[in-house]
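Everything below concerns the one structure shown next.
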Amino acid sequence: MSEHHPPEPSSTYTYAVGAGLGILVGGAVGLFAGDGLFLPAALLGAGIGIVVAFLVKAFLR
């Protein structure tokens, strides 16, 4: 019998999750840093989240 594997989520979904988690973490760091650093920290977090999602997806293949 052959094994059935669940379908892999699309790349867009994976990167969106990575960006969302990055925004949450970066935004929290930006709030604690204060002085208008929320938006830059959230955007940087989103970028890092997308890169991490790409690397995780590449290594799990």
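Labels for the structure tokens follow display order: chains A, B, ..., residues from 1 in each chain, ligands from 1.
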Give the alpha helix (DSSP H) residues of chain A, as assigned by DSSP on the backbone, as an MDAnalysis selection string. chainID A and resid 11:33 38:59
Interatomic distance, atom CA of A:Asp35 to atom CA of A:Tyr15 (Å, one decimal):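 Atom CA of A:Tyr15 lies at a distance of 28.9 Å from atom CA of A:Asp35.
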Restricting the calculation to only C-alpha atoms, which member of A:Ala28, A:Ala33, A:Val17, A:Leu60 is positioned closest to A:Gly47? A:Val17
Would you list the contacts of A:Ala16 as a VMD selection string, taking every protein, DNA or RNA residue within 12 Å and counting only C-alpha atoms, but skipping same-chain residues closer than 4 positions in sequence? chain A and resid 9 to 12 20 to 23 46 to 54
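Closest to A:Val25 among A:Glu3, A:Leu55, A:Ala41, A:Arg61 is A:Ala41, based on only C-alpha atoms.
The interatomic distance for the pair atom CA of A:Pro6 and atom CA of A:Leu24 works out to 28.2 Å.
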